[in-house]
Each structure stands twice: as C-alpha cells, then as structure tokens.
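Participant: Below you'll find query_11.cif; it's mmCIF, C-alpha atoms; chains and numbers go by the auth columns.
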```
data_model
loop_
_atom_site.group_PDB
_atom_site.id
_atom_site.type_symbol
_atom_site.label_atom_id
_atom_site.label_comp_id
_atom_site.label_asym_id
_atom_site.label_seq_id
_atom_site.Cartn_x
_atom_site.Cartn_y
_atom_site.Cartn_z
_atom_site.B_iso_or_equiv
_atom_site.auth_seq_id
_atom_site.auth_asym_id
ATOM 1 C CA MET A 1 84.248 51.596 -46.179 0.00 19 R
ATOM 2 C CA GLN A 2 86.696 48.839 -45.239 0.00 20 R
ATOM 3 C CA LEU A 3 89.532 50.098 -43.077 0.00 21 R
ATOM 4 C CA PRO A 4 92.933 48.471 -42.707 0.00 22 R
ATOM 5 C CA ASP A 5 93.797 47.182 -39.273 0.00 23 R
ATOM 6 C CA TRP A 6 95.953 49.682 -37.431 0.00 24 R
ATOM 7 C CA PRO A 7 97.236 50.095 -33.895 0.00 25 R
ATOM 8 C CA ASN A 8 95.483 52.524 -31.631 0.00 26 R
ATOM 9 C CA SER A 9 96.712 56.081 -31.399 0.00 27 R
ATOM 10 C CA GLY A 10 95.880 56.196 -27.744 0.00 28 R
ATOM 11 C CA LEU A 11 92.736 56.814 -25.774 0.00 29 R
ATOM 12 C CA LEU A 12 92.578 60.419 -26.871 0.00 30 R
ATOM 13 C CA VAL A 13 89.963 59.493 -29.504 0.00 31 R
ATOM 14 C CA ALA A 14 87.535 58.200 -26.897 0.00 32 R
ATOM 15 C CA ILE A 15 88.389 60.914 -24.387 0.00 33 R
ATOM 16 C CA VAL A 16 87.832 63.719 -26.887 0.00 34 R
ATOM 17 C CA VAL A 17 84.489 62.264 -27.934 0.00 35 R
ATOM 18 C CA LEU A 18 83.572 61.849 -24.271 0.00 36 R
ATOM 19 C CA ALA A 19 84.507 65.435 -23.456 0.00 37 R
ATOM 20 C CA VAL A 20 82.353 66.776 -26.287 0.00 38 R
ATOM 21 C CA LEU A 21 79.495 64.341 -25.903 0.00 39 R
ATOM 22 C CA GLY A 22 79.080 64.455 -22.136 0.00 40 R
ATOM 23 C CA PRO A 23 77.971 68.051 -21.589 0.00 41 R
ATOM 24 C CA PHE A 24 75.999 68.066 -24.844 0.00 42 R
ATOM 25 C CA VAL A 25 73.925 65.028 -23.843 0.00 43 R
ATOM 26 C CA TRP A 26 73.551 66.391 -20.327 0.00 44 R
ATOM 27 C CA ARG A 27 72.076 69.676 -21.582 0.00 45 R
ATOM 28 C CA VAL A 28 69.662 67.914 -23.925 0.00 46 R
ATOM 29 C CA LEU A 29 68.424 65.371 -21.412 0.00 47 R
ATOM 30 C CA LYS A 30 67.971 67.934 -18.662 0.00 48 R
ATOM 31 C CA ARG A 31 65.498 69.671 -20.957 0.00 49 R
ATOM 32 C CA VAL A 32 63.536 66.624 -22.057 0.00 50 R
ATOM 33 C CA GLY A 33 63.438 64.997 -18.643 0.00 51 R
ATOM 34 C CA ALA A 34 63.938 61.490 -17.305 0.00 52 R
ATOM 35 C CA LEU A 35 60.701 60.209 -18.873 0.00 53 R
ATOM 36 C CA LEU A 36 62.487 60.165 -22.208 0.00 54 R
ATOM 37 C CA PHE A 37 64.199 56.956 -21.147 0.00 55 R
ATOM 38 C CA VAL A 38 60.947 54.991 -21.172 0.00 56 R
ATOM 39 C CA ARG A 39 60.012 56.037 -24.690 0.00 57 R
ATOM 40 C CA ALA A 40 60.974 54.149 -27.825 0.00 58 R
ATOM 41 C CA ALA A 41 62.043 57.418 -29.451 0.00 59 R
ATOM 42 C CA VAL A 42 64.952 57.738 -27.045 0.00 60 R
ATOM 43 C CA ARG A 43 67.129 55.331 -29.031 0.00 61 R
ATOM 44 C CA GLY A 44 66.830 57.396 -32.181 0.00 62 R
ATOM 45 C CA ALA A 45 67.428 60.615 -30.268 0.00 63 R
ATOM 46 C CA LEU A 46 70.558 59.294 -28.570 0.00 64 R
ATOM 47 C CA THR A 47 71.892 57.872 -31.829 0.00 65 R
ATOM 48 C CA ASP A 48 71.455 61.267 -33.467 0.00 66 R
ATOM 49 C CA ILE A 49 73.226 62.987 -30.576 0.00 67 R
ATOM 50 C CA GLY A 50 76.136 60.556 -30.885 0.00 68 R
ATOM 51 C CA LYS A 51 76.351 61.136 -34.629 0.00 69 R
ATOM 52 C CA ARG A 52 76.461 64.898 -34.183 0.00 70 R
ATOM 53 C CA ALA A 53 79.180 64.605 -31.525 0.00 71 R
ATOM 54 C CA LEU A 54 81.349 62.440 -33.785 0.00 72 R
ATOM 55 C CA GLU A 55 80.869 64.790 -36.720 0.00 73 R
ATOM 56 C CA GLN A 56 82.556 67.533 -34.694 0.00 74 R
ATOM 57 C CA GLN A 57 85.786 65.530 -34.430 0.00 75 R
ATOM 58 C CA ALA A 58 88.640 66.012 -36.906 0.00 76 R
ATOM 59 C CA GLU A 59 89.748 62.889 -38.773 0.00 77 R
ATOM 60 C CA VAL A 60 93.321 64.151 -39.183 0.00 78 R
ATOM 61 C CA ILE A 61 95.482 65.710 -36.483 0.00 79 R
ATOM 62 C CA HIS A 62 99.056 66.952 -36.299 0.00 80 R
ATOM 63 C CA LEU A 63 101.228 67.039 -33.209 0.00 81 R
ATOM 64 C CA GLU A 64 103.041 70.350 -32.955 0.00 82 R
ATOM 65 C CA PRO A 65 106.155 70.623 -30.731 0.00 83 R
ATOM 66 C CA LEU A 66 105.933 72.827 -27.659 0.00 84 R
ATOM 67 C CA ALA A 67 109.217 74.320 -26.476 0.00 85 R
ATOM 68 C CA GLU A 68 107.828 75.421 -23.093 0.00 86 R
ATOM 69 C CA PRO A 69 104.624 73.578 -22.184 0.00 87 R
ATOM 70 C CA GLN A 70 102.517 75.100 -19.444 0.00 88 R
ATOM 71 C CA TRP A 71 101.179 72.180 -17.421 0.00 89 R
ATOM 72 C CA LYS A 72 98.218 72.610 -15.102 0.00 90 R
ATOM 73 C CA ASP A 73 99.824 70.080 -12.751 0.00 91 R
ATOM 74 C CA PRO A 74 103.579 70.045 -13.466 0.00 92 R
ATOM 75 C CA GLY A 75 104.266 67.963 -10.371 0.00 93 R
ATOM 76 C CA ALA A 76 102.051 65.096 -11.519 0.00 94 R
ATOM 77 C CA MET A 77 103.442 65.201 -15.032 0.00 95 R
ATOM 78 C CA GLY A 78 106.987 65.164 -13.658 0.00 96 R
ATOM 79 C CA VAL A 79 106.295 62.108 -11.503 0.00 97 R
ATOM 80 C CA MET A 80 104.896 60.173 -14.478 0.00 98 R
ATOM 81 C CA ALA A 81 107.870 61.154 -16.633 0.00 99 R
ATOM 82 C CA ALA A 82 110.362 60.123 -13.929 0.00 100 R
ATOM 83 C CA GLY A 83 108.927 56.598 -13.825 0.00 101 R
ATOM 84 C CA LEU A 84 109.450 56.250 -17.565 0.00 102 R
ATOM 85 C CA ARG A 85 113.002 57.551 -17.435 0.00 103 R
ATOM 86 C CA ARG A 86 113.829 54.934 -14.802 0.00 104 R
ATOM 87 C CA LYS A 87 112.869 52.301 -17.368 0.00 105 R
ATOM 88 C CA GLY A 88 115.047 53.688 -20.142 0.00 106 R
ATOM 89 C CA PHE A 89 112.434 55.691 -22.057 0.00 107 R
ATOM 90 C CA THR A 90 113.658 58.504 -24.292 0.00 108 R
ATOM 91 C CA ASP A 91 111.920 61.883 -24.076 0.00 109 R
ATOM 92 C CA CYS A 92 110.593 62.629 -27.579 0.00 110 R
ATOM 93 C CA GLY A 93 109.079 65.997 -26.688 0.00 111 R
ATOM 94 C CA VAL A 94 105.838 67.651 -25.653 0.00 112 R
ATOM 95 C CA PHE A 95 103.228 68.370 -28.307 0.00 113 R
ATOM 96 C CA SER A 96 99.982 70.250 -28.728 0.00 114 R
ATOM 97 C CA VAL A 97 97.273 68.830 -30.965 0.00 115 R
ATOM 98 C CA ASP A 98 96.244 71.211 -33.735 0.00 116 R
ATOM 99 C CA LYS A 99 92.568 70.190 -33.798 0.00 117 R
ATOM 100 C CA ILE A 100 92.098 69.687 -30.050 0.00 118 R
ATOM 101 C CA PRO A 101 92.589 72.993 -28.202 0.00 119 R
ATOM 102 C CA GLY A 102 94.199 72.660 -24.811 0.00 120 R
ATOM 103 C CA ALA A 103 95.359 69.056 -25.234 0.00 121 R
ATOM 104 C CA ARG A 104 99.002 68.315 -24.443 0.00 122 R
ATOM 105 C CA ILE A 105 100.853 65.044 -25.058 0.00 123 R
ATOM 106 C CA TRP A 106 104.287 64.260 -23.660 0.00 124 R
ATOM 107 C CA VAL A 107 105.686 61.479 -25.836 0.00 125 R
ATOM 108 C CA PHE A 108 108.312 58.929 -24.755 0.00 126 R
ATOM 109 C CA CYS A 109 109.778 55.903 -26.487 0.00 127 R
ATOM 110 C CA GLN A 110 111.535 52.774 -25.210 0.00 128 R
ATOM 111 C CA GLU A 111 113.357 51.578 -28.317 0.00 129 R
ATOM 112 C CA GLN A 112 114.659 48.289 -26.867 0.00 130 R
ATOM 113 C CA THR A 113 111.145 47.023 -26.166 0.00 131 R
ATOM 114 C CA SER A 114 109.261 49.122 -28.779 0.00 132 R
ATOM 115 C CA VAL A 115 106.888 50.706 -26.296 0.00 133 R
ATOM 116 C CA SER A 116 105.619 54.249 -26.703 0.00 134 R
ATOM 117 C CA ALA A 117 104.302 56.236 -23.759 0.00 135 R
ATOM 118 C CA HIS A 118 101.888 59.155 -23.941 0.00 136 R
ATOM 119 C CA LEU A 119 101.353 61.390 -20.937 0.00 137 R
ATOM 120 C CA TYR A 120 98.151 63.299 -21.596 0.00 138 R
ATOM 121 C CA GLU A 121 96.799 66.514 -20.169 0.00 139 R
ATOM 122 C CA HIS A 122 93.348 67.521 -21.375 0.00 140 R
ATOM 123 C CA PRO A 123 91.420 70.560 -20.083 0.00 141 R
ATOM 124 C CA LYS A 124 88.254 68.519 -19.439 0.00 142 R
ATOM 125 C CA ALA A 125 89.533 64.989 -18.866 0.00 143 R
ATOM 126 C CA GLY A 126 92.533 65.815 -16.662 0.00 144 R
ATOM 127 C CA PHE A 127 95.828 63.950 -16.939 0.00 145 R
ATOM 128 C CA TRP A 128 96.672 60.286 -17.375 0.00 146 R
ATOM 129 C CA PRO A 129 99.378 57.967 -18.781 0.00 147 R
ATOM 130 C CA GLU A 130 99.104 55.421 -21.572 0.00 148 R
ATOM 131 C CA LEU A 131 101.744 52.953 -22.759 0.00 149 R
ATOM 132 C CA VAL A 132 101.364 51.157 -26.088 0.00 150 R
ATOM 133 C CA THR A 133 102.867 48.227 -27.974 0.00 151 R
ATOM 134 C CA ARG A 134 102.018 47.984 -31.668 0.00 152 R
ATOM 135 C CA TYR A 135 102.140 44.861 -33.820 0.00 153 R
ATOM 136 C CA THR A 136 102.967 44.283 -37.470 0.00 154 R
ATOM 137 C CA ASN A 137 99.486 42.817 -38.092 0.00 155 R
ATOM 138 C CA GLY A 138 97.934 46.144 -37.088 0.00 156 R
ATOM 139 C CA SER A 139 96.769 45.250 -33.593 0.00 157 R
ATOM 140 C CA SER A 140 97.920 46.921 -30.404 0.00 158 R
ATOM 141 C CA HIS A 141 98.057 46.388 -26.664 0.00 159 R
ATOM 142 C CA SER A 142 98.051 49.307 -24.256 0.00 160 R
ATOM 143 C CA ILE A 143 97.776 50.014 -20.557 0.00 161 R
ATOM 144 C CA THR A 144 96.312 53.100 -18.917 0.00 162 R
ATOM 145 C CA THR A 145 94.969 54.349 -15.611 0.00 163 R
ATOM 146 C CA MET A 146 92.023 55.997 -17.395 0.00 164 R
ATOM 147 C CA PRO A 147 88.750 54.172 -16.608 0.00 165 R
ATOM 148 C CA ALA A 148 86.604 52.920 -19.452 0.00 166 R
ATOM 149 C CA THR A 149 84.709 55.742 -21.117 0.00 167 R
ATOM 150 C CA GLY A 150 81.658 53.735 -22.152 0.00 168 R
ATOM 151 C CA ILE A 151 82.645 54.095 -25.806 0.00 169 R
ATOM 152 C CA LYS A 152 83.487 50.832 -27.577 0.00 170 R
ATOM 153 C CA LEU A 153 86.947 50.840 -29.115 0.00 171 R
ATOM 154 C CA PRO A 154 87.699 49.161 -32.468 0.00 172 R
ATOM 155 C CA ALA A 155 88.321 45.417 -32.270 0.00 173 R
ATOM 156 C CA TRP A 156 92.045 45.671 -33.018 0.00 174 R
ATOM 157 C CA ILE A 157 92.718 47.602 -29.798 0.00 175 R
ATOM 158 C CA SER A 158 93.327 45.758 -26.526 0.00 176 R
ATOM 159 C CA VAL A 159 93.455 47.903 -23.388 0.00 177 R
ATOM 160 C CA ILE A 160 94.501 47.006 -19.856 0.00 178 R
ATOM 161 C CA ARG A 161 92.609 49.235 -17.389 0.00 179 R
ATOM 162 C CA SER A 162 94.828 49.603 -14.360 0.00 180 R
ATOM 163 C CA PRO A 163 94.214 51.336 -11.039 0.00 181 R
ATOM 164 C CA GLN A 164 96.366 54.359 -10.358 0.00 182 R
ATOM 165 C CA ALA A 165 99.981 53.156 -10.428 0.00 183 R
ATOM 166 C CA PRO A 166 103.421 54.597 -11.169 0.00 184 R
ATOM 167 C CA THR A 167 104.354 54.555 -14.829 0.00 185 R
ATOM 168 C CA ASP A 168 107.286 52.203 -14.255 0.00 186 R
ATOM 169 C CA GLN A 169 104.876 49.632 -12.823 0.00 187 R
ATOM 170 C CA LEU A 170 102.484 50.118 -15.729 0.00 188 R
ATOM 171 C CA TYR A 171 105.382 49.456 -18.092 0.00 189 R
ATOM 172 C CA GLU A 172 106.350 46.256 -16.289 0.00 190 R
ATOM 173 C CA ARG A 173 102.773 44.984 -16.399 0.00 191 R
ATOM 174 C CA LEU A 174 102.457 45.732 -20.105 0.00 192 R
ATOM 175 C CA LEU A 175 105.629 43.755 -20.816 0.00 193 R
ATOM 176 C CA ARG A 176 104.252 40.801 -18.817 0.00 194 R
ATOM 177 C CA GLU A 177 100.839 40.731 -20.444 0.00 195 R
ATOM 178 C CA ARG A 178 101.468 41.764 -24.053 0.00 196 R
ATOM 179 C CA ARG A 179 101.925 39.234 -26.836 0.00 197 R
ATOM 180 C CA PRO A 180 105.697 38.810 -27.291 0.00 198 R
ATOM 181 C CA SER A 181 105.789 38.098 -31.040 0.00 199 R
ATOM 182 C CA GLY A 182 105.105 40.271 -34.070 0.00 200 R
ATOM 183 C CA ILE A 183 105.962 43.543 -32.327 0.00 201 R
ATOM 184 C CA GLU A 184 106.417 46.511 -34.649 0.00 202 R
ATOM 185 C CA HIS A 185 109.714 48.354 -34.194 0.00 203 R
ATOM 186 C CA LEU A 186 109.331 51.788 -32.667 0.00 204 R
ATOM 187 C CA ASP A 187 111.860 54.575 -32.300 0.00 205 R
ATOM 188 C CA ARG A 188 111.922 58.320 -31.772 0.00 206 R
ATOM 189 C CA GLN A 189 111.964 58.937 -35.531 0.00 207 R
ATOM 190 C CA ASN A 190 108.623 57.246 -36.211 0.00 208 R
ATOM 191 C CA VAL A 191 106.726 57.481 -32.917 0.00 209 R
ATOM 192 C CA VAL A 192 104.922 60.772 -33.652 0.00 210 R
ATOM 193 C CA ARG A 193 104.126 59.899 -37.249 0.00 211 R
ATOM 194 C CA ALA A 194 102.710 56.554 -36.158 0.00 212 R
ATOM 195 C CA TYR A 195 100.561 58.289 -33.550 0.00 213 R
ATOM 196 C CA GLU A 196 99.077 60.733 -36.066 0.00 214 R
ATOM 197 C CA GLY A 197 98.299 58.007 -38.576 0.00 215 R
ATOM 198 C CA ALA A 198 96.785 55.743 -35.975 0.00 216 R
ATOM 199 C CA TYR A 199 94.593 58.515 -34.566 0.00 217 R
ATOM 200 C CA SER A 200 93.198 59.193 -38.040 0.00 218 R
ATOM 201 C CA ARG A 201 92.378 55.562 -38.723 0.00 219 R
ATOM 202 C CA GLN A 202 90.818 55.084 -35.327 0.00 220 R
ATOM 203 C CA MET A 203 88.657 58.189 -35.636 0.00 221 R
ATOM 204 C CA ILE A 204 87.489 57.173 -39.102 0.00 222 R
ATOM 205 C CA ALA A 205 86.646 53.720 -37.762 0.00 223 R
ATOM 206 C CA GLN A 206 84.781 55.313 -34.848 0.00 224 R
ATOM 207 C CA LYS A 207 82.751 57.465 -37.217 0.00 225 R
ATOM 208 C CA ASN A 208 81.939 54.508 -39.459 0.00 226 R
ATOM 209 C CA GLN A 209 80.957 52.445 -36.437 0.00 227 R
ATOM 210 C CA GLY A 210 78.965 55.253 -34.860 0.00 228 R
ATOM 211 C CA LEU A 211 77.872 55.466 -31.248 0.00 229 R
ATOM 212 C CA SER A 212 75.075 53.251 -30.027 0.00 230 R
ATOM 213 C CA PRO A 213 72.305 54.620 -27.797 0.00 231 R
ATOM 214 C CA GLU A 214 73.797 52.553 -24.968 0.00 232 R
ATOM 215 C CA GLU A 215 77.202 54.197 -25.437 0.00 233 R
ATOM 216 C CA VAL A 216 75.684 57.667 -25.431 0.00 234 R
ATOM 217 C CA ALA A 217 73.665 56.819 -22.319 0.00 235 R
ATOM 218 C CA ALA A 218 76.815 55.495 -20.606 0.00 236 R
ATOM 219 C CA VAL A 219 78.631 58.733 -21.366 0.00 237 R
ATOM 220 C CA MET A 220 75.711 60.729 -20.027 0.00 238 R
ATOM 221 C CA LYS A 221 75.720 58.662 -16.834 0.00 239 R
ATOM 222 C CA GLN A 222 79.460 59.257 -16.336 0.00 240 R
ATOM 223 C CA TRP A 223 79.056 62.963 -16.935 0.00 241 R
ATOM 224 C CA ALA A 224 76.134 63.223 -14.509 0.00 242 R
ATOM 225 C CA GLU A 225 78.066 61.361 -11.816 0.00 243 R
ATOM 226 C CA LYS A 226 81.075 63.605 -12.349 0.00 244 R
ATOM 227 C CA LYS A 227 78.925 66.717 -12.023 0.00 245 R
ATOM 228 C CA ALA A 228 77.284 65.371 -8.866 0.00 246 R
ATOM 229 C CA ALA A 229 80.654 64.532 -7.312 0.00 247 R
ATOM 230 C CA SER A 230 82.012 68.032 -8.005 0.00 248 R
ATOM 231 C CA THR A 231 79.078 69.835 -6.370 0.00 249 R
#
```
Please lay out the structure from this file as structure tokens.

Facilitator:
Amino acid sequence: MQLPDWPNSGLLVAIVVLAVLGPFVWRVLKRVGALLFVRAAVRGALTDIGKRALEQQAEVIHLEPLAEPQWKDPGAMGVMAAGLRRKGFTDCGVFSVDKIPGARIWVFCQEQTSVSAHLYEHPKAGFWPELVTRYTNGSSHSITTMPATGIKLPAWISVIRSPQAPTDQLYERLLRERRPSGIEHLDRQNVVRAYEGAYSRQMIAQKNQGLSPEEVAAVMKQWAEKKAAST
C-alpha cells in the first residue's frame, strides 16, 4: 500500500514498539540461548518476533485531555515546560493516549515559528522532550534527547539526536538546523489533530515496512544492557 508523505507524530511510535518488543525478545532469547545467533534460522525467528510486536500496536490513537495529570517526576516535567515557556510556547494541555496505557504527553505550540513540543512520560521508557517542525511537502524535522532506538524511522522523518539539554536550547538548535522554507503553519487548534493523524500514518508505514532481524537484535541488545545496568 502506498502511503502519502506525512510528518512524524513524534518518537512515541518507536518508543512504544521498543517497550513492547524489548522484554518479549529478551524472554524468547533467554530460552533459546546465545547459540541461536549463529544459526541461519535466527533471521526468520527475529522477523517473526518483530511482526508480532508490531501487530500489537494500534494504528489509530486519540489524545484525551487530563485535567490533573499525575507525573512520576513532576520536577523534571516542570523544568522542561519552563524552558518552552521562556521561548514563547503556549501550553496546549496534558493528554493521555487511549491505546497506550500509562503514556502522558504534555503538548506545547510556538505559533510564530510553527514548532510543536511534546513532553513525554512513559511507564517503561521514562520521560523525554521532542520538538517538531512540519513541512507542507509532508516531511518533518525534530530534535529530541532520546537516543536512537535501533528501529528505522520512515524516510520522511529527520531527527536530531541531542545530548541532554534544556528545552530552550533544543528549540534554538532546531531553528538553526531546520529547513527554513515550506514550513506548515501550526497553532493550538490543529496541533493535537495533526499529532493523531501523523501517528496513524507513521504506525501504518512502520507495519508495512516491518522490522528487520537487525532492528529486532538492536532492540534486544538495548534491553539487555538496560537490564544489566539496573541490576
């Protein structure tokens, strides 16, 4: 199926797949043992695991307003929000995600520069900021402190991976490095609707693309390292 180009909805697609895929792959590979990696059958097994993980993900989500969000780390969320407010961002509200239990997204919008900001809190992936510029040709450019997940994003999404930095500095870097022409207008009336539509198109593209054995192995490696670091 040919999909129209569309800006990314944020890294939540990759993070949600990572959160589901990581422990699943870890359980399977602990049972079969490390020797599986030297067998030709491993590629088919990992591809099947990736397919099953993607099948669990909803293709359509809705952001539902939260009047009184309960953050796990309210201090960290407040610091990220303060950096955005210093740069003239408007608070568009905090939302839950109907198909992703526990996920919270604090949405901001800078109408003068058409940048949306998403402050995420996910029960397995933690918290992180993402700022996005969308273009009329369907491409997008974003910046985030979240490291690469090992999952390949669709070609229309460009992501700057930044070390931990205040959100006002992330915003300034995005303005410096983004393409200045063809920017799609963004305001508080369309920011949530655009996010929902973009998530759907990105997830459908991810399912059509599938996950390669290398991507599944990369996720497994990240998950194993995370488990080792926490013990």

Participant: Just say which residues the PyMOL selection byres ((chain R and resi 146) around 10) picks in this file, as a PyMOL selection string.

Facilitator: chain R and resi 29+94-95+98+123+136-140+143-145+147-148+162-164+182+185

Participant: When the PyMOL selection byres ((chain R and resi 134) around 9) is applied to the structure above, which residues does it catch, written out as a ChimeraX atom specification?

Facilitator: /R:107,125-129,132-133,135-136,148-152,204-205,209

Participant: My list of candidates is R:Leu188, R:Ala85, R:Ala99, R:Ile175. Which is closest to Ala216 (chain R) when distances are computed with all atoms listed in the file?

Facilitator: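 When distances to Ala216 (chain R) are compared using all atoms listed in the file, the smallest one comes from R:Ile175.
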
Participant: Between CA of Ala173 (chain R) and CA of Leu192 (chain R), what distance in Å does the model show, to one decimal?

Facilitator: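 Result for CA of Ala173 (chain R) versus CA of Leu192 (chain R): 18.7 Å, one decimal.
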
Participant: Just the number, please: distance in Å from CA of Pro87 (chain R) to CA of Arg191 (chain R), one decimal.

Facilitator: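 We find that CA of Pro87 (chain R) and CA of Arg191 (chain R) lie 29.2 Å from each other.
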
Participant: With 4 Å added on each side, what axis-aligned box encloses every listed atom of region 93-99 of chain R? Give the centre and edge lengths in Å to one decimal, as lines of an AutoDock Vina configuration file.

Facilitator:
```
center_x = 105.0
center_y = 64.1
center_z = -13.5
size_x = 13.8
size_y = 15.8
size_z = 14.3
```

Participant: With only C-alpha atoms as the atoms that count, which of R:Ser199, R:Thr108, R:Asn226, R:Ser176 lies nearest to Ser160 (chain R)?

Facilitator: R:Ser176

Participant: Restricting the calculation to only C-alpha atoms, which member of R:Leu102, R:Ile201, R:Ile169, R:Leu81 is positioned closest to Thr154 (chain R)?

Facilitator: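 Counting only C-alpha atoms, the residue closest to Thr154 (chain R) is R:Ile201.
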
Participant: When distances are computed from all atoms listed in the file, which of R:Glu233, R:Gln240, R:Ile161, R:Asp116 shows the smallest separation from Glu190 (chain R)?

Facilitator: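 Smallest distance to Glu190 (chain R) is found for R:Ile161.
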
Participant: Missing atoms in region 105-126 of chain R: can you complete it with N, CA and C atoms, as a PDB file, in the coordinates of the input?

Facilitator:
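What ended up in out-v1.pdb:
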```pdb
ATOM      1  N   LYS R 105     112.946  53.512 -16.551  1.00  0.00           N
ATOM      2  CA  LYS R 105     112.869  52.301 -17.368  1.00  0.00           C
ATOM      3  C   LYS R 105     113.513  52.479 -18.746  1.00  0.00           C
ATOM      4  N   GLY R 106     114.286  53.530 -18.913  1.00  0.00           N
ATOM      5  CA  GLY R 106     115.047  53.688 -20.142  1.00  0.00           C
ATOM      6  C   GLY R 106     114.303  54.331 -21.293  1.00  0.00           C
ATOM      7  N   PHE R 107     113.172  54.996 -21.005  1.00  0.00           N
ATOM      8  CA  PHE R 107     112.434  55.691 -22.057  1.00  0.00           C
ATOM      9  C   PHE R 107     113.170  56.968 -22.463  1.00  0.00           C
ATOM     10  N   THR R 108     113.098  57.274 -23.749  1.00  0.00           N
ATOM     11  CA  THR R 108     113.658  58.504 -24.292  1.00  0.00           C
ATOM     12  C   THR R 108     112.566  59.557 -24.409  1.00  0.00           C
ATOM     13  N   ASP R 109     112.855  60.763 -23.963  1.00  0.00           N
ATOM     14  CA  ASP R 109     111.920  61.883 -24.076  1.00  0.00           C
ATOM     15  C   ASP R 109     111.898  62.356 -25.532  1.00  0.00           C
ATOM     16  N   CYS R 110     110.739  62.231 -26.175  1.00  0.00           N
ATOM     17  CA  CYS R 110     110.593  62.629 -27.579  1.00  0.00           C
ATOM     18  C   CYS R 110     109.938  63.996 -27.729  1.00  0.00           C
ATOM     19  N   GLY R 111     109.617  64.646 -26.620  1.00  0.00           N
ATOM     20  CA  GLY R 111     109.079  65.997 -26.688  1.00  0.00           C
ATOM     21  C   GLY R 111     107.628  66.106 -26.261  1.00  0.00           C
ATOM     22  N   VAL R 112     107.222  67.331 -26.007  1.00  0.00           N
ATOM     23  CA  VAL R 112     105.838  67.651 -25.653  1.00  0.00           C
ATOM     24  C   VAL R 112     105.177  68.290 -26.865  1.00  0.00           C
ATOM     25  N   PHE R 113     103.921  67.925 -27.107  1.00  0.00           N
ATOM     26  CA  PHE R 113     103.228  68.370 -28.307  1.00  0.00           C
ATOM     27  C   PHE R 113     101.824  68.879 -27.970  1.00  0.00           C
ATOM     28  N   SER R 114     101.391  69.880 -28.710  1.00  0.00           N
ATOM     29  CA  SER R 114      99.982  70.250 -28.728  1.00  0.00           C
ATOM     30  C   SER R 114      99.332  69.508 -29.892  1.00  0.00           C
ATOM     31  N   VAL R 115      98.015  69.502 -29.903  1.00  0.00           N
ATOM     32  CA  VAL R 115      97.273  68.830 -30.965  1.00  0.00           C
ATOM     33  C   VAL R 115      96.491  69.900 -31.711  1.00  0.00           C
ATOM     34  N   ASP R 116      96.768  70.051 -33.004  1.00  0.00           N
ATOM     35  CA  ASP R 116      96.244  71.211 -33.735  1.00  0.00           C
ATOM     36  C   ASP R 116      94.729  71.294 -33.754  1.00  0.00           C
ATOM     37  N   LYS R 117      94.029  70.163 -33.703  1.00  0.00           N
ATOM     38  CA  LYS R 117      92.568  70.190 -33.798  1.00  0.00           C
ATOM     39  C   LYS R 117      91.888  69.999 -32.439  1.00  0.00           C
ATOM     40  N   ILE R 118      92.669  69.916 -31.377  1.00  0.00           N
ATOM     41  CA  ILE R 118      92.098  69.687 -30.050  1.00  0.00           C
ATOM     42  C   ILE R 118      92.663  70.734 -29.102  1.00  0.00           C
ATOM     43  N   PRO R 119      92.054  71.908 -29.031  1.00  0.00           N
ATOM     44  CA  PRO R 119      92.589  72.993 -28.202  1.00  0.00           C
ATOM     45  C   PRO R 119      92.774  72.578 -26.754  1.00  0.00           C
ATOM     46  N   GLY R 120      93.928  72.926 -26.212  1.00  0.00           N
ATOM     47  CA  GLY R 120      94.199  72.660 -24.811  1.00  0.00           C
ATOM     48  C   GLY R 120      94.830  71.314 -24.523  1.00  0.00           C
ATOM     49  N   ALA R 121      94.777  70.383 -25.469  1.00  0.00           N
ATOM     50  CA  ALA R 121      95.359  69.056 -25.234  1.00  0.00           C
ATOM     51  C   ALA R 121      96.878  69.117 -25.338  1.00  0.00           C
ATOM     52  N   ARG R 122      97.551  68.425 -24.437  1.00  0.00           N
ATOM     53  CA  ARG R 122      99.002  68.315 -24.443  1.00  0.00           C
ATOM     54  C   ARG R 122      99.370  66.840 -24.342  1.00  0.00           C
ATOM     55  N   ILE R 123     100.380  66.427 -25.098  1.00  0.00           N
ATOM     56  CA  ILE R 123     100.853  65.044 -25.058  1.00  0.00           C
ATOM     57  C   ILE R 123     102.368  65.056 -24.919  1.00  0.00           C
ATOM     58  N   TRP R 124     102.851  64.429 -23.860  1.00  0.00           N
ATOM     59  CA  TRP R 124     104.287  64.260 -23.660  1.00  0.00           C
ATOM     60  C   TRP R 124     104.618  62.853 -24.140  1.00  0.00           C
ATOM     61  N   VAL R 125     105.428  62.752 -25.171  1.00  0.00           N
ATOM     62  CA  VAL R 125     105.686  61.479 -25.836  1.00  0.00           C
ATOM     63  C   VAL R 125     107.049  60.928 -25.432  1.00  0.00           C
ATOM     64  N   PHE R 126     107.080  59.638 -25.091  1.00  0.00           N
ATOM     65  CA  PHE R 126     108.312  58.929 -24.755  1.00  0.00           C
ATOM     66  C   PHE R 126     108.383  57.648 -25.580  1.00  0.00           C
TER      67      PHE R 126
END
```
